[in-house]
Structure formats: C-alpha cells, structure tokens
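Novice: I'm passing along query_17.cif; it holds mmCIF, C-alpha atoms and all ligand atoms.
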data_data
loop_
_atom_site.label_atom_id
_atom_site.label_comp_id
_atom_site.auth_asym_id
_atom_site.auth_seq_id
_atom_site.Cartn_x
_atom_site.Cartn_y
_atom_site.Cartn_z
CA MET S 20 0.00 0.00 0.00
CA SER S 21 1.39 3.45 -0.88
CA THR S 22 2.05 6.01 1.86
CA SER S 23 -0.65 8.33 0.52
CA THR S 24 -3.20 5.50 0.49
CA LEU S 25 -2.20 4.62 4.04
CA VAL S 26 -2.51 8.25 5.16
CA ARG S 27 -5.89 8.64 3.41
CA ARG S 28 -7.16 5.41 4.96
CA ARG S 29 -5.97 6.58 8.40
CA LEU S 30 -7.81 9.87 8.03
CA LEU S 31 -11.01 8.11 6.97
CA GLN S 32 -10.72 5.62 9.82
CA GLY S 33 -10.02 8.43 12.29
CA ALA S 34 -13.14 10.25 11.09
CA ALA S 35 -15.16 7.04 11.37
CA VAL S 36 -14.00 6.50 14.95
CA ALA S 37 -14.83 10.08 15.83
CA ALA S 38 -18.28 9.79 14.27
CA ALA S 39 -19.14 6.42 15.70
CA ALA S 40 -17.64 6.63 19.18
CA SER S 41 -20.25 6.57 21.90
CA VAL S 42 -18.21 6.99 25.04
CA VAL S 43 -20.68 7.84 27.78
CA ARG S 44 -18.72 10.05 30.12
CA ALA S 45 -18.75 13.60 31.31
CA GLN S 46 -15.83 15.50 29.79
CA GLY S 47 -14.42 16.68 33.13
CA ASP S 48 -14.54 13.32 34.95
CA PRO S 49 -11.27 11.48 35.51
CA LEU S 50 -10.84 8.48 33.22
CA ARG S 51 -11.28 5.31 35.31
CA PHE S 52 -8.58 2.72 34.63
CA GLY S 53 -8.24 -0.97 35.40
CA MET S 54 -4.63 -2.18 35.46
CA ILE S 55 -4.11 -5.72 34.11
CA GLY S 56 -0.63 -7.05 34.99
CA VAL S 57 1.13 -5.00 37.64
CA GLY S 58 4.69 -6.32 37.45
CA LYS S 59 7.65 -4.10 36.59
CA ARG S 60 6.19 -2.27 33.60
CA GLY S 61 2.62 -2.24 34.97
CA ASN S 62 3.97 -0.47 38.04
CA ALA S 63 5.86 2.05 35.94
CA HIS S 64 2.48 2.93 34.37
CA LEU S 65 0.63 2.83 37.68
CA THR S 66 2.98 5.21 39.50
CA ARG S 67 2.57 7.74 36.70
CA LEU S 68 -1.21 7.33 36.40
CA VAL S 69 -1.87 7.83 40.13
CA GLU S 70 -0.09 11.20 39.91
CA ARG S 71 -2.58 12.48 37.32
CA SER S 72 -5.71 14.43 38.18
CA ASP S 73 -7.48 13.38 34.96
CA VAL S 74 -7.22 9.66 35.77
CA THR S 75 -8.25 7.34 38.63
CA VAL S 76 -7.21 3.74 39.10
CA GLY S 77 -10.45 1.87 39.89
CA ALA S 78 -9.10 -1.71 39.79
CA VAL S 79 -5.91 -3.74 39.64
CA CYS S 80 -5.55 -7.31 38.40
CA ASP S 81 -2.68 -9.78 38.57
CA ILE S 82 -2.42 -13.53 39.08
CA ASP S 83 0.30 -12.85 41.65
CA PRO S 84 -1.31 -11.79 44.98
CA SER S 85 1.82 -9.95 46.14
CA ALA S 86 1.86 -7.88 42.92
CA ARG S 87 -1.85 -7.08 43.43
CA ASP S 88 -1.27 -6.01 47.03
CA ALA S 89 1.70 -3.84 46.11
CA ALA S 90 -0.32 -2.17 43.35
CA GLN S 91 -3.28 -1.58 45.67
CA SER S 92 -0.95 0.15 48.14
CA ALA S 93 0.73 2.21 45.41
CA ALA S 94 -2.72 3.41 44.28
CA GLN S 95 -4.27 3.65 47.74
CA ALA S 96 -5.41 7.24 47.21
CA ASP S 97 -7.79 5.88 44.52
CA ASP S 98 -8.78 2.82 46.62
CA PRO S 99 -8.81 0.33 43.70
CA ARG S 100 -10.58 -3.05 43.85
CA SER S 101 -8.40 -6.11 43.27
CA TYR S 102 -8.97 -9.05 40.90
CA ALA S 103 -7.07 -12.25 40.10
CA ASP S 104 -9.00 -12.86 36.85
CA TYR S 105 -8.91 -10.17 34.17
CA ARG S 106 -12.32 -11.25 32.84
CA GLU S 107 -13.83 -10.30 36.18
CA LEU S 108 -12.22 -6.85 35.90
CA LEU S 109 -13.63 -6.47 32.38
CA ARG S 110 -17.15 -7.10 33.72
CA GLN S 111 -16.90 -4.00 35.95
CA GLU S 112 -19.03 -1.34 34.28
CA ASP S 113 -17.37 1.63 36.00
CA ILE S 114 -13.98 0.73 34.46
CA GLU S 115 -13.67 2.73 31.23
CA ALA S 116 -10.10 1.93 30.17
CA VAL S 117 -7.61 -0.86 30.78
CA LEU S 118 -3.86 -0.81 30.79
CA ILE S 119 -2.45 -4.21 29.85
CA ALA S 120 1.13 -4.97 30.95
CA THR S 121 1.13 -8.76 31.14
CA PRO S 122 3.65 -11.06 29.40
CA CYS S 123 3.58 -10.68 25.60
CA TYR S 124 1.66 -13.87 24.72
CA LEU S 125 -1.41 -12.57 26.61
CA HIS S 126 -1.68 -9.14 24.98
CA ALA S 127 -3.83 -10.13 22.00
CA GLU S 128 -6.36 -12.23 23.90
CA MET S 129 -6.72 -9.60 26.66
CA SER S 130 -6.91 -6.62 24.25
CA ALA S 131 -9.55 -8.30 22.09
CA ALA S 132 -11.63 -9.22 25.15
CA ALA S 133 -11.33 -5.68 26.54
CA LEU S 134 -12.37 -4.09 23.24
CA GLU S 135 -15.31 -6.49 23.02
CA ALA S 136 -16.30 -5.43 26.56
CA GLY S 137 -16.33 -1.78 25.36
CA LYS S 138 -13.20 -0.67 27.22
CA HIS S 139 -10.59 1.71 25.85
CA VAL S 140 -7.27 -0.14 25.70
CA PHE S 141 -3.67 0.92 26.30
CA CYS S 142 -1.70 -2.27 25.69
CA GLU S 143 2.02 -2.74 26.15
CA LYS S 144 4.02 -3.78 23.10
CA PRO S 145 4.06 -6.12 21.27
CA LEU S 146 0.44 -6.19 20.14
CA ALA S 147 0.83 -9.92 19.55
CA ILE S 148 3.45 -12.62 19.02
CA SER S 149 1.85 -14.39 16.02
CA ALA S 150 0.07 -13.24 12.87
CA ASP S 151 -3.15 -14.99 14.01
CA GLN S 152 -3.06 -13.01 17.22
CA VAL S 153 -2.54 -9.75 15.29
CA LYS S 154 -5.66 -10.55 13.25
CA LEU S 155 -7.66 -11.29 16.40
CA VAL S 156 -7.05 -7.83 17.89
CA LEU S 157 -7.27 -6.01 14.57
CA ASP S 158 -10.73 -7.50 13.95
CA ALA S 159 -11.85 -6.60 17.47
CA ALA S 160 -10.52 -3.03 17.11
CA ARG S 161 -12.26 -2.57 13.77
CA LYS S 162 -15.60 -3.59 15.28
CA SER S 163 -15.12 -1.38 18.34
CA ASN S 164 -15.70 2.34 18.90
CA ALA S 165 -13.16 2.41 21.70
CA VAL S 166 -9.65 3.89 21.58
CA PHE S 167 -6.74 1.46 21.20
CA GLN S 168 -3.16 2.53 21.88
CA ILE S 169 0.02 0.46 21.85
CA GLY S 170 2.95 1.05 24.25
CA GLN S 171 5.39 2.04 21.49
CA GLN S 172 6.19 5.32 23.21
CA SER S 173 8.83 6.43 20.66
CA ARG S 174 5.82 7.62 18.65
CA SER S 175 5.17 10.16 21.42
CA SER S 176 8.62 11.73 21.06
CA PRO S 177 8.44 15.26 19.58
CA HIS S 178 12.07 14.75 18.54
CA MET S 179 11.26 11.66 16.45
CA GLN S 180 8.08 13.27 15.13
CA GLY S 181 10.16 16.24 13.94
CA VAL S 182 12.59 14.01 12.02
CA VAL S 183 9.73 12.12 10.36
CA ARG S 184 8.30 15.49 9.25
CA GLU S 185 11.71 16.57 7.88
CA ILE S 186 11.83 13.39 5.78
CA HIS S 187 8.23 13.08 4.60
CA GLU S 188 6.96 16.68 4.59
CA SER S 189 10.03 18.91 4.07
CA GLY S 190 11.84 16.43 1.82
CA LEU S 191 15.15 17.25 3.52
CA ILE S 192 16.97 14.10 2.33
CA GLY S 193 15.14 13.91 -1.01
CA THR S 194 13.79 10.47 -1.81
CA PRO S 195 14.53 8.17 1.16
CA LEU S 196 16.38 5.08 -0.05
CA VAL S 197 18.09 3.09 2.69
CA ILE S 198 17.96 2.83 6.50
CA LYS S 199 20.69 1.35 8.65
CA ALA S 200 19.77 0.91 12.29
CA GLN S 201 21.19 -0.86 15.30
CA ARG S 202 20.65 -1.63 18.95
CA HIS S 203 23.95 -2.91 20.31
CA SER S 204 24.80 -3.35 23.94
CA THR S 205 27.43 -4.91 26.19
CA PRO S 206 27.25 -8.64 27.02
CA SER S 207 25.23 -9.62 30.07
CA ARG S 208 26.10 -12.07 32.79
CA PRO S 209 24.39 -15.45 32.30
CA GLY S 210 20.73 -15.38 33.41
CA THR S 211 20.53 -11.60 33.35
CA ARG S 212 19.97 -8.89 30.79
CA ARG S 213 20.90 -5.24 30.88
CA ASP S 214 17.83 -3.17 31.66
CA GLY S 215 17.25 -0.63 28.89
CA GLY S 216 16.03 2.07 31.26
CA SER S 217 18.33 1.86 34.26
CA GLY S 218 21.39 0.25 32.65
CA GLN S 219 21.43 -2.20 35.61
CA GLN S 220 21.91 -5.94 35.21
CA ARG S 221 18.70 -7.59 36.39
CA ARG S 222 17.17 -11.04 36.27
CA PHE S 223 14.30 -11.15 33.81
CA PRO S 224 10.98 -12.86 34.64
CA GLY S 225 10.51 -16.52 33.63
CA TRP S 226 8.38 -15.78 30.57
CA TYR S 227 11.01 -13.49 29.04
CA ASN S 228 13.50 -16.12 27.86
CA ASP S 229 10.75 -18.49 26.70
CA VAL S 230 10.30 -17.57 23.04
CA LYS S 231 6.78 -19.09 23.01
CA LEU S 232 5.71 -16.57 25.66
CA SER S 233 7.77 -13.50 24.74
CA GLY S 234 7.89 -13.86 20.94
CA ASP S 235 11.72 -13.72 21.10
CA LEU S 236 14.00 -10.66 21.17
CA ILE S 237 12.94 -9.27 17.80
CA VAL S 238 9.26 -9.21 18.81
CA GLU S 239 9.53 -8.39 22.52
CA ASN S 240 12.28 -5.82 22.28
CA ALA S 241 13.37 -4.78 18.76
CA ILE S 242 9.75 -3.93 17.97
CA HIS S 243 10.42 -0.41 19.34
CA ASN S 244 13.31 0.09 16.88
CA LEU S 245 11.60 -1.62 13.94
CA ASP S 246 8.52 0.53 14.55
CA VAL S 247 10.68 3.66 14.27
CA CYS S 248 12.15 2.26 11.03
CA ASN S 249 8.63 1.70 9.62
CA TRP S 250 7.77 5.26 10.59
CA LEU S 251 10.94 6.67 9.00
CA ALA S 252 10.27 4.60 5.86
CA GLY S 253 6.59 5.69 5.81
CA SER S 254 5.75 2.21 4.66
CA HIS S 255 5.71 -1.45 5.69
CA PRO S 256 8.09 -4.24 4.64
CA VAL S 257 7.21 -6.68 1.88
CA SER S 258 10.01 -9.20 2.49
CA VAL S 259 12.80 -10.04 4.93
CA TYR S 260 15.87 -12.24 5.32
CA GLY S 261 17.65 -12.73 8.63
CA HIS S 262 20.03 -14.62 10.82
CA GLY S 263 20.35 -14.82 14.59
CA LYS S 264 20.99 -17.03 17.56
CA ARG S 265 21.76 -17.14 21.24
CA TYR S 266 25.54 -16.55 21.33
CA LEU S 267 26.21 -16.63 25.11
CA PRO S 268 27.00 -18.52 27.28
CA GLU S 269 27.40 -20.89 24.32
CA PRO S 270 25.87 -20.78 20.81
CA MET S 271 22.30 -22.11 20.54
CA PRO S 272 20.15 -22.01 17.41
CA ALA S 273 17.35 -19.44 17.16
CA GLY S 274 13.97 -20.66 18.39
CA THR S 275 15.26 -22.30 21.57
CA VAL S 276 15.84 -19.53 24.13
CA MET S 277 15.72 -15.80 23.51
CA MET S 278 18.35 -14.68 20.98
CA ASP S 279 21.06 -12.27 22.06
CA GLY S 280 21.97 -11.26 18.52
CA PHE S 281 20.42 -11.08 15.08
CA SER S 282 20.55 -9.15 11.80
CA VAL S 283 17.62 -8.65 9.43
CA GLU S 284 17.29 -7.08 5.98
CA TYR S 285 13.88 -5.82 4.96
CA ILE S 286 12.64 -4.51 1.60
CA TYR S 287 9.78 -2.05 1.97
CA ASN S 288 6.64 -1.56 -0.07
CA ASN S 289 8.14 1.70 -1.42
CA ASP S 290 11.36 -0.19 -2.34
CA MET S 291 13.37 1.17 0.60
CA HIS S 292 15.90 -1.15 2.18
CA LEU S 293 16.43 -1.58 5.93
CA ASP S 294 19.48 -3.22 7.45
CA TYR S 295 18.90 -3.72 11.22
CA SER S 296 21.15 -5.39 13.72
CA GLN S 297 20.75 -6.11 17.43
CA LEU S 298 23.61 -7.59 19.40
CA TYR S 299 24.53 -8.01 23.07
CA LEU S 300 28.23 -8.65 22.43
CA HIS S 301 29.29 -5.06 21.92
CA PRO S 302 31.97 -3.64 24.24
CA ARG S 303 31.15 -0.07 25.22
CA ALA S 304 34.66 1.12 24.29
CA LEU S 305 34.51 0.15 20.58
CA LYS S 306 35.34 3.23 18.49
CA ILE S 307 34.64 2.39 14.83
CA LEU S 308 31.11 1.16 15.54
CA PRO S 309 29.75 2.85 18.67
CA ASN S 310 27.57 0.97 21.13
CA GLY S 311 23.88 1.96 21.50
CA MET S 312 20.76 2.64 19.48
CA TRP S 313 20.78 4.70 16.31
CA PHE S 314 19.23 5.10 12.87
CA VAL S 315 20.84 6.42 9.66
CA ILE S 316 18.45 7.35 6.85
CA TYR S 317 20.02 7.84 3.42
CA GLY S 318 18.25 9.75 0.65
CA ASP S 319 19.22 11.02 -2.80
CA LYS S 320 19.90 14.54 -1.39
CA GLY S 321 21.45 13.71 1.95
CA THR S 322 21.54 11.61 5.09
CA ILE S 323 20.10 11.94 8.59
CA GLU S 324 21.90 10.43 11.55
CA LEU S 325 19.45 9.95 14.41
CA ASP S 326 19.42 8.72 17.98
CA TYR S 327 16.92 9.28 20.79
CA SER S 328 18.43 12.63 21.82
CA SER S 329 19.67 14.36 18.66
CA TRP S 330 19.79 14.28 14.87
CA THR S 331 22.15 15.64 12.25
CA PHE S 332 21.66 16.29 8.53
CA TYR S 333 24.55 15.67 6.11
CA ASP S 334 24.29 17.05 2.59
CA ILE S 335 24.98 14.26 0.07
CA TYR S 336 28.00 15.95 -1.56
CA GLY S 337 29.15 17.79 1.58
CA ASP S 338 28.21 21.21 0.07
CA SER S 339 26.93 22.46 3.44
CA GLU S 340 28.20 21.96 6.99
CA PRO S 341 26.37 19.25 9.00
CA VAL S 342 23.93 20.75 11.53
CA GLU S 343 23.14 18.96 14.77
CA HIS S 344 19.66 19.36 16.32
CA LYS S 345 19.10 18.44 19.95
CA GLY S 346 15.81 16.96 21.17
CA VAL S 347 13.96 18.21 24.28
CA GLU S 348 15.75 16.84 27.34
CA GLY S 349 14.07 15.16 30.29
CA LEU S 350 10.83 14.28 28.52
CA ASP S 351 9.12 11.19 29.95
CA LEU S 352 7.79 9.40 26.86
CA THR S 353 5.57 7.07 28.90
CA GLU S 354 3.89 10.14 30.38
CA GLU S 355 3.61 11.68 26.90
CA ALA S 356 1.97 8.44 25.71
CA HIS S 357 -0.52 8.62 28.61
CA ASN S 358 -1.30 12.24 27.64
CA ASP S 359 -2.13 11.17 24.10
CA PHE S 360 -4.30 8.26 25.29
CA VAL S 361 -6.37 10.38 27.69
CA ARG S 362 -6.82 13.09 25.04
CA ALA S 363 -7.75 10.53 22.39
CA VAL S 364 -10.52 9.21 24.67
CA ARG S 365 -11.78 12.72 25.44
CA GLU S 366 -11.68 13.80 21.80
CA ASN S 367 -12.99 10.50 20.36
CA ARG S 368 -10.03 10.23 18.03
CA ARG S 369 -7.24 7.80 17.26
CA PRO S 370 -4.05 8.10 19.31
CA ILE S 371 -0.69 8.48 17.55
CA ALA S 372 0.35 4.87 18.29
CA ASP S 373 -2.92 3.37 17.08
CA ILE S 374 -3.95 -0.15 16.11
CA GLU S 375 -2.46 0.13 12.60
CA VAL S 376 0.90 1.21 14.01
CA ALA S 377 0.69 -1.67 16.51
CA ALA S 378 -0.27 -4.29 13.91
CA THR S 379 2.33 -3.11 11.37
CA ALA S 380 5.13 -3.22 13.95
CA ALA S 381 4.06 -6.63 15.26
CA LEU S 382 3.87 -8.13 11.77
CA THR S 383 7.24 -6.58 10.84
CA SER S 384 8.84 -8.20 13.89
CA ILE S 385 7.05 -11.54 13.48
CA MET S 386 8.05 -11.88 9.81
CA GLY S 387 11.65 -11.06 10.75
CA ARG S 388 11.62 -13.73 13.44
CA GLU S 389 10.18 -16.30 11.04
CA ALA S 390 12.87 -15.47 8.45
CA ILE S 391 15.53 -16.13 11.12
CA TYR S 392 13.89 -19.33 12.40
CA GLN S 393 13.09 -20.77 8.96
CA GLN S 394 16.33 -19.54 7.31
CA ARG S 395 14.53 -18.27 4.22
CA MET S 396 12.97 -15.12 2.81
CA VAL S 397 9.57 -14.44 4.42
CA THR S 398 7.03 -12.09 2.84
CA TRP S 399 4.44 -9.73 4.29
CA ASP S 400 1.75 -11.48 2.24
CA GLU S 401 2.51 -14.76 4.02
CA MET S 402 1.41 -13.13 7.27
CA GLY S 403 -2.13 -13.16 5.82
CA VAL S 404 -3.27 -9.99 7.59
CA ALA S 405 -4.81 -7.15 5.56
CA LEU S 406 -3.89 -3.68 6.81
N1 LIG S 501 7.10 -0.04 26.45
C1 LIG S 501 8.21 -0.37 27.08
O1 LIG S 501 9.21 0.32 26.99
C2 LIG S 501 8.24 -1.61 27.92
C3 LIG S 501 9.24 -1.76 28.89
C4 LIG S 501 9.26 -2.94 29.65
C5 LIG S 501 8.31 -3.93 29.43
N2 LIG S 501 7.37 -3.77 28.45
C6 LIG S 501 6.36 -4.83 28.20
O2 LIG S 501 5.48 -4.89 29.32
C7 LIG S 501 5.03 -6.23 29.50
C8 LIG S 501 5.29 -6.66 30.94
O3 LIG S 501 6.68 -6.69 31.19
P1 LIG S 501 7.26 -6.68 32.69
O4 LIG S 501 8.72 -6.47 32.58
O5 LIG S 501 6.43 -5.76 33.54
O6 LIG S 501 6.97 -8.20 33.13
P2 LIG S 501 6.66 -8.72 34.61
O7 LIG S 501 6.80 -10.18 34.58
O8 LIG S 501 7.45 -7.91 35.59
O9 LIG S 501 5.11 -8.34 34.81
C9 LIG S 501 4.07 -9.05 34.23
C10 LIG S 501 2.95 -9.18 35.26
O10 LIG S 501 1.83 -9.81 34.64
C11 LIG S 501 1.27 -10.72 35.57
N3 LIG S 501 0.46 -11.73 34.88
C12 LIG S 501 0.88 -12.85 34.23
N4 LIG S 501 -0.19 -13.52 33.74
C13 LIG S 501 -1.29 -12.80 34.07
C14 LIG S 501 -2.68 -12.99 33.88
N5 LIG S 501 -3.16 -14.04 33.20
N6 LIG S 501 -3.54 -12.07 34.38
C15 LIG S 501 -3.07 -11.00 35.08
N7 LIG S 501 -1.76 -10.78 35.31
C16 LIG S 501 -0.88 -11.66 34.83
C17 LIG S 501 2.49 -11.30 36.29
O11 LIG S 501 2.12 -11.92 37.53
C18 LIG S 501 3.35 -10.07 36.45
O12 LIG S 501 3.08 -9.39 37.67
C19 LIG S 501 5.77 -7.06 28.45
O13 LIG S 501 4.94 -7.25 27.35
C20 LIG S 501 6.95 -6.20 28.06
O14 LIG S 501 7.35 -6.45 26.74
C21 LIG S 501 7.31 -2.63 27.73
#
Could you write out this file's structure as structure tokens?

Specialist:
Amino acid sequence: MSTSTLVRRRLLQGAAVAAAASVVRAQGDPLRFGMIGVGKRGNAHLTRLVERSDVTVGAVCDIDPSARDAAQSAAQADDPRSYADYRELLRQEDIEAVLIATPCYLHAEMSAAALEAGKHVFCEKPLAISADQVKLVLDAARKSNAVFQIGQQSRSSPHMQGVVREIHESGLIGTPLVIKAQRHSTPSRPGTRRDGGSGQQRRFPGWYNDVKLSGDLIVENAIHNLDVCNWLAGSHPVSVYGHGKRYLPEPMPAGTVMMDGFSVEYIYNNDMHLDYSQLYLHPRALKILPNGMWFVIYGDKGTIELDYSSWTFYDIYGDSEPVEHKGVEGLDLTEEAHNDFVRAVRENRRPIADIEVAATAALTSIMGREAIYQQRMVTWDEMGVAL
C-alpha cells in the first residue's frame, strides 16, 4: 500500500471512529482505569497514572497476589478493587479503560476481550506474538468504537516526530532510499539482561527467555526500533531475510531460548531497504562502531543520523556543513503516551500509536523472526493480515 493510500485510509478511519464513538462520560470526569498485569512495567504505568488528576485507578488485576497487594498500596489514594481474573475486571461497568502490561503472549487475547467489553485499551508492546493473534485484535478493534493505543512510546517523542516530518513533509533528504539501524549493547552475565532504562543488570521474569511466551527478542524488544524504522520509511516491509541465535554462554540455534543477537534485511513496499542489527556482544569502548541505538536514513539529497536525543543532517556531496539538532531533554515518553491516550478518549479520536501502528510493527517483527527461524525469505503477504 502506498504512503498516501495509508494516510488517506488513516484519516477516513479516524473520522469514522470520531463519528461512531459513543463513550458515555462527562468531559471533566477522571478516566477510570483498570490495570491488568502489575509487574515491573505495569507499576511504571501505575505510579505515573496515580499522579494524574485526569485519571483514577479503579481496579488492579494480577495472578500474583503480592503484585496485586503492592499495586493496591501504590494506588491507595484511589482505593482500587483487586482481581485475580482479568475477565472479572472487564465485567466492571465503572472501568472505562484498561492498561495491559502482562507477558507478551497474553496481549492479543486480553486486548480483544477488553475491546469487546467496550473498554478503551492501552496495551504494552508487542500487540501480539503471532500473525493470528494480530488478526484477532485487529478484527476486534475494527468492530469497536473504543480507543486502542500500543505502548510504542517512541511515537510520542516530539524529537522523532520532527525528524519524520523533515523526511516526509520537508523532503530534507530527497527520496529516502536506505535505513541502517542498530541496537547494540554490552554482554550480560548469564541469566541476566541489561535493563534498557536503568542500565542495571537484572534477572528477567521466567516468561522473558521463553520464546513461546515472549515472541523472542525481535518481537519483545526490537519492535520499538523496527517501529521507528517503519515510521521513518513511511511504509511497511514486503520481504525479509535474517540470521540470529543465542551466542552466550554458548551458541544455541534461534527458536530455543531468547536470541542475544540477530541481523535482518527488509525490503519495503516503497522499495526502501532496511538493514537492522541487534547484538549483546558489543563492548562499550569500541570506536569504529559505537555501542547503542541509532538510525541512519540515506536519501538522494542527503543523510540523517538519528538517535533518541539528537539528529544531524549531512548534505549528500558535503556542500553544506552538518547541523546537529538536539531533542527536548528530560521528557518522559511514557507520560507523553498517557497524555495522548487520555486526550484521544476525550476527543474521540485515534491516538498516535494506534492499532495500525501496533499491527504493522508486530507483523514486521514476526516476519523477521520467522525469516531467522526458517532460514529463508519471508514475505508480508505470508502473514495473511490485511492492513
Ligand atoms: N514499552 C516499554 O518500553 C516496555 C518496557 C518494559 C516492558 N514492556 C512490556 O510490558 C510487558 C510486561 O513486562 P514486565 O517487565 O512488567 O513483566 P513482569 O513479569 O514484571 O510483569 C508481568 C505481570 O503480569 C502478571 N500476569 C501474568 N499472567 C497474568 C494474567 N493471566 N492475568 C493478570 N496478570 C498476569 C504477572 O504476575 C506479572 O506481575 C511485556 O509485554 C513487556 O514487553 C514494555
């Protein structure tokens, strides 16, 4: 699908949501949330939500009683009810919105059930870990008048939004041709992974290393980066090749435990090419290829070098001096994502990270994983999901 068709379809769908939405709530009332899954990430959401005056936390749900109790205490000012079964929470009529932060394999089932129960949904990434699951939620979202937002908070970054505008509206780099992107980090001690936010080594929960529950590294984790690549490309991939494995503590083939390194090459619908690599073998001190997360977008007039805090434009023939632009410092993107969700509910409109963004990113990651597992080229059409 061309970018203009995608944009036109988005606008039409946005208008349809706005016209059809029948959210029965007074505009000034706080939005009443139910939290489903209050582990590490669920708590990061909860502590931000309880600080807001336009939100209350009416219920918490977790299969782990100690997580439920901790969440009830953290939200005690709102006096939330507590549930062990998310279906029971969904039957509560006063709960208008749910925030789902359970392990990845549960996102699709829970999101679809919540949409069918008429709740607005903020679901952590990934939307789903299989193409069938993507279809399940997409169908539910298309039948629903409720707002759906995915936890791909890079979409809420004004810095990233600005670069996308430079590429697609200002035409700064001319026709975009190629993206190179990476997420490289230092090796982790066995049984631990480096936490993206704090930089600390921490033991990950049991579901994380089980690829049947997490979807593997490319779906659970790289989805953030691949989503940004889709956004920069203004398109979705049509095919992908890849290779990856678990390198440490000793090599294991992909599909057994979570990979700690992979490379994928996507061709996009608009013929752009993406070369993405993620590797946890990368000493911090390397000079030629720096550690960390970055994106380089090459066009026929110039190149943009981008990370999460700044971007620089390089003229293709070096006729002008490179100019570095700094992003806004200290912005909490999770809070920005909450702002967009609450406004989207109030204004009966789609959020920035909507169901199409969620489904496109999930399918991009899933097809990449399948290319790695099956050691062959996998196509978008094979996913069998119409977007
Ligand atoms: N957007 C981001 O930057 C970001 C960052 C970290 C994690 N995440 C995502 O958030 C999700 C949760 O990750 P986490 O690190 O908090 O994991 P976690 O294991 O710390 O928390 C998951 C919680 O879900 C609960 N749970 C499991 N099954 C349940 C069920 N059937 N009903 C109710 N609760 C259930 C667990 O008991 C646990 O408390 C994952 O999908 C992860 O990918 C997103």

Novice: Can you measure CA of Ser163 (chain S) to CA of Leu134 (chain S) for me? One decimal in Å is fine.

Specialist: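 One can read the CA of Ser163 (chain S) to CA of Leu134 (chain S) distance as 6.2 Å.
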
Novice: Could you check how far CA of Glu354 (chain S) sits from CA of Phe141 (chain S), in Å to one decimal?

Specialist: 12.6 Å

Novice: Hey, what's within 9 Å of Asp235 (chain S) if we count all atoms listed in the file and toss same-chain stuff fewer than 3 positions away? As an MDAnalysis selection string, please?

Specialist: chainID S and resid 148 227:232 238:240 273:274 276:278 388

Novice: Go ahead and write the residues just picked, C-alpha atoms, as a PDB file, keeping the file's coordinate frame.

Specialist:
ATOM      1  CA  ILE S 148       3.450 -12.620  19.020  1.00  0.00           C
ATOM      2  CA  TYR S 227      11.010 -13.490  29.040  1.00  0.00           C
ATOM      3  CA  ASN S 228      13.500 -16.120  27.860  1.00  0.00           C
ATOM      4  CA  ASP S 229      10.750 -18.490  26.700  1.00  0.00           C
ATOM      5  CA  VAL S 230      10.300 -17.570  23.040  1.00  0.00           C
ATOM      6  CA  LYS S 231       6.780 -19.090  23.010  1.00  0.00           C
ATOM      7  CA  LEU S 232       5.710 -16.570  25.660  1.00  0.00           C
ATOM      8  CA  VAL S 238       9.260  -9.210  18.810  1.00  0.00           C
ATOM      9  CA  GLU S 239       9.530  -8.390  22.520  1.00  0.00           C
ATOM     10  CA  ASN S 240      12.280  -5.820  22.280  1.00  0.00           C
ATOM     11  CA  ALA S 273      17.350 -19.440  17.160  1.00  0.00           C
ATOM     12  CA  GLY S 274      13.970 -20.660  18.390  1.00  0.00           C
ATOM     13  CA  VAL S 276      15.840 -19.530  24.130  1.00  0.00           C
ATOM     14  CA  MET S 277      15.720 -15.800  23.510  1.00  0.00           C
ATOM     15  CA  MET S 278      18.350 -14.680  20.980  1.00  0.00           C
ATOM     16  CA  ARG S 388      11.620 -13.730  13.440  1.00  0.00           C
TER      17      ARG S 388
END

Novice: Between CA of Gln172 (chain S) and CA of Thr383 (chain S), measure the distance and give it in Å to one decimal.

Specialist: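 Distance reported for this atom pair: 17.2 Å.
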
Novice: Could you give me the residues within 9 Å of ligand LIG 501 (chain S), counting all atoms listed in the file, as a PyMOL selection string?

Specialist: chain S and resi 54-63+80-87+102-106+119-126+129+142-146+169-173+214-216+223-227+233+238-240+243+353

Novice: Using only C-alpha atoms, which protein or nucleic acid residues come within 10 Å of region 75-77 of chain S? Drop anything in the same chain fewer than 2 positions from it, and give the result as JSON, numbers by chain.

Specialist: {"S": [48, 49, 50, 51, 52, 53, 54, 65, 68, 69, 70, 71, 72, 73, 79, 91, 94, 95, 96, 97, 98, 99, 100, 101, 108, 111, 113, 114, 115, 116, 117]}

Novice: Please, could you write that set of residues out with C-alpha atoms as a short mmCIF file (atom, residue, chain, number, x, y, z; two decimals), in the frame of the given file?

Specialist:
data_model
loop_
_atom_site.label_atom_id
_atom_site.label_comp_id
_atom_site.auth_asym_id
_atom_site.auth_seq_id
_atom_site.Cartn_x
_atom_site.Cartn_y
_atom_site.Cartn_z
CA ASP S 48 -14.54 13.32 34.95
CA PRO S 49 -11.27 11.48 35.51
CA LEU S 50 -10.84 8.48 33.22
CA ARG S 51 -11.28 5.31 35.31
CA PHE S 52 -8.58 2.72 34.63
CA GLY S 53 -8.24 -0.97 35.40
CA MET S 54 -4.63 -2.18 35.46
CA LEU S 65 0.63 2.83 37.68
CA LEU S 68 -1.21 7.33 36.40
CA VAL S 69 -1.87 7.83 40.13
CA GLU S 70 -0.09 11.20 39.91
CA ARG S 71 -2.58 12.48 37.32
CA SER S 72 -5.71 14.43 38.18
CA ASP S 73 -7.48 13.38 34.96
CA VAL S 79 -5.91 -3.74 39.64
CA GLN S 91 -3.28 -1.58 45.67
CA ALA S 94 -2.72 3.41 44.28
CA GLN S 95 -4.27 3.65 47.74
CA ALA S 96 -5.41 7.24 47.21
CA ASP S 97 -7.79 5.88 44.52
CA ASP S 98 -8.78 2.82 46.62
CA PRO S 99 -8.81 0.33 43.70
CA ARG S 100 -10.58 -3.05 43.85
CA SER S 101 -8.40 -6.11 43.27
CA LEU S 108 -12.22 -6.85 35.90
CA GLN S 111 -16.90 -4.00 35.95
CA ASP S 113 -17.37 1.63 36.00
CA ILE S 114 -13.98 0.73 34.46
CA GLU S 115 -13.67 2.73 31.23
CA ALA S 116 -10.10 1.93 30.17
CA VAL S 117 -7.61 -0.86 30.78
#

Novice: What lies within 9 Å of Asn249 (chain S) using all atoms listed in the file, ignoring chain neighbours under 5 positions off, as a PyMOL selection string?

Specialist: chain S and resi 244+254-256+287+376+379-380+383

Novice: Extract, using all atoms listed in the file, all DNA, RNA and protein residues at most 6 Å from Tyr295 (chain S), discarding same-chain residues fewer than 6 positions from it, and format them as an MDAnalysis selection string.

Specialist: chainID S and resid 199:201 282:283
